[in-house]
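Visitor: This structure is in structure tokens; I'll ask about it shortly.
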Amino acid sequence: MDDLFWLTEAQAARISPFFPLSHGVPRVDDQRVVSGIIHVIRNGLRWRDAPAEYGPHKTLYNRFIRWSRMGVFNRIFAGLAGRRGQPDRL
């Protein structure tokens, strides 16, 4: 599909310091999973409607929920905005 969203290597490298460390079994490709999460949210899709190129929809959902609860996305947004701590607005 031509309309898939993919993070570039530079974009993935910029946000990778905010990812939690893997414990035990290595995680699947973070760049692919984060690209899939962005694609689903940007297009208003159900998780199960995510294109197969991003991997299993259950992986996308689980990673989004887990990292949301851990505050990973808040730290990414704050880091990209050039501030530390919790952002005032997302």
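Identifiers in this document derive from the order of the structure tokens: chains are assigned A, B, ..., residues are numbered from 1 separately in each chain, and ligands are numbered from 1 in order of occurrence.
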Set the distance at 6 Å and use only C-alpha atoms: which residues neighbour stretch 7-9 of chain A once local chain neighbours fewer than 2 positions away are removed? I'd like the list as a PyMOL selection string.
Guide: chain A and resi 11-12+35
Visitor: Could you write out that same residue set with C-alpha atoms as a compact mmCIF listing (two decimals), in the first residue's frame?
Guide:
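Heads up, here's the output in part29.txt:
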```
# COMPACT_ATOMS: atom_id res chain seq x y z
CA GLN A 11 12.72 10.03 13.28
CA ALA A 12 12.93 6.63 14.95
CA SER A 35 4.56 3.60 12.65
```
Visitor: Could you pull the residues within 12 Å of A:Ala52, counting only C-alpha atoms, minus those fewer than 6 positions along the same chain, as a PyMOL selection string?
Guide: chain A and resi 1+4+32-33+36+39-40+58-60
Visitor: Can you tell me how far atom CA of A:Ala10 sits from atom CA of A:Ala50, in Å to one decimal?
Guide: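 Calculated distance between atom CA of A:Ala10 and atom CA of A:Ala50 is 23.6 Å.
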Visitor: Contacts of A:Phe73 at 12 Å or less, counting only C-alpha atoms, minus same-chain residues fewer than 2 places along, as a list in words?
Guide: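 My reading of the contact set: Ile15, Ser16, Pro17, Phe18, Phe19, Pro20, Val34, Ile37, Ile38, Arg63, Phe64, Ile65, Arg66, Trp67, Ser68, Arg69, Met70, Gly71, Arg75, Ile76, Phe77, Ala78, Gly79, Leu80, Gly85, Gln86, Pro87 and Leu90 of chain A.
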Visitor: Going by DSSP on the backbone, which bits of stretch 6-61 of chain A are helix (DSSP H, G or I)? Write them as a PyMOL selection string, please.
Guide: chain A and resi 9-18+30-43+47-49+52-54+57-61
Visitor: Report, in Å to a single decimal, how far apart atom CA of A:Val25 and atom CA of A:Arg48 are.
Guide: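 The value is 24.4 Å.
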Visitor: Quick one, how far is atom CA of A:Ala13 from atom CA of A:Gly44?
Guide: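 Between these atoms lies a distance of 25.8 Å.
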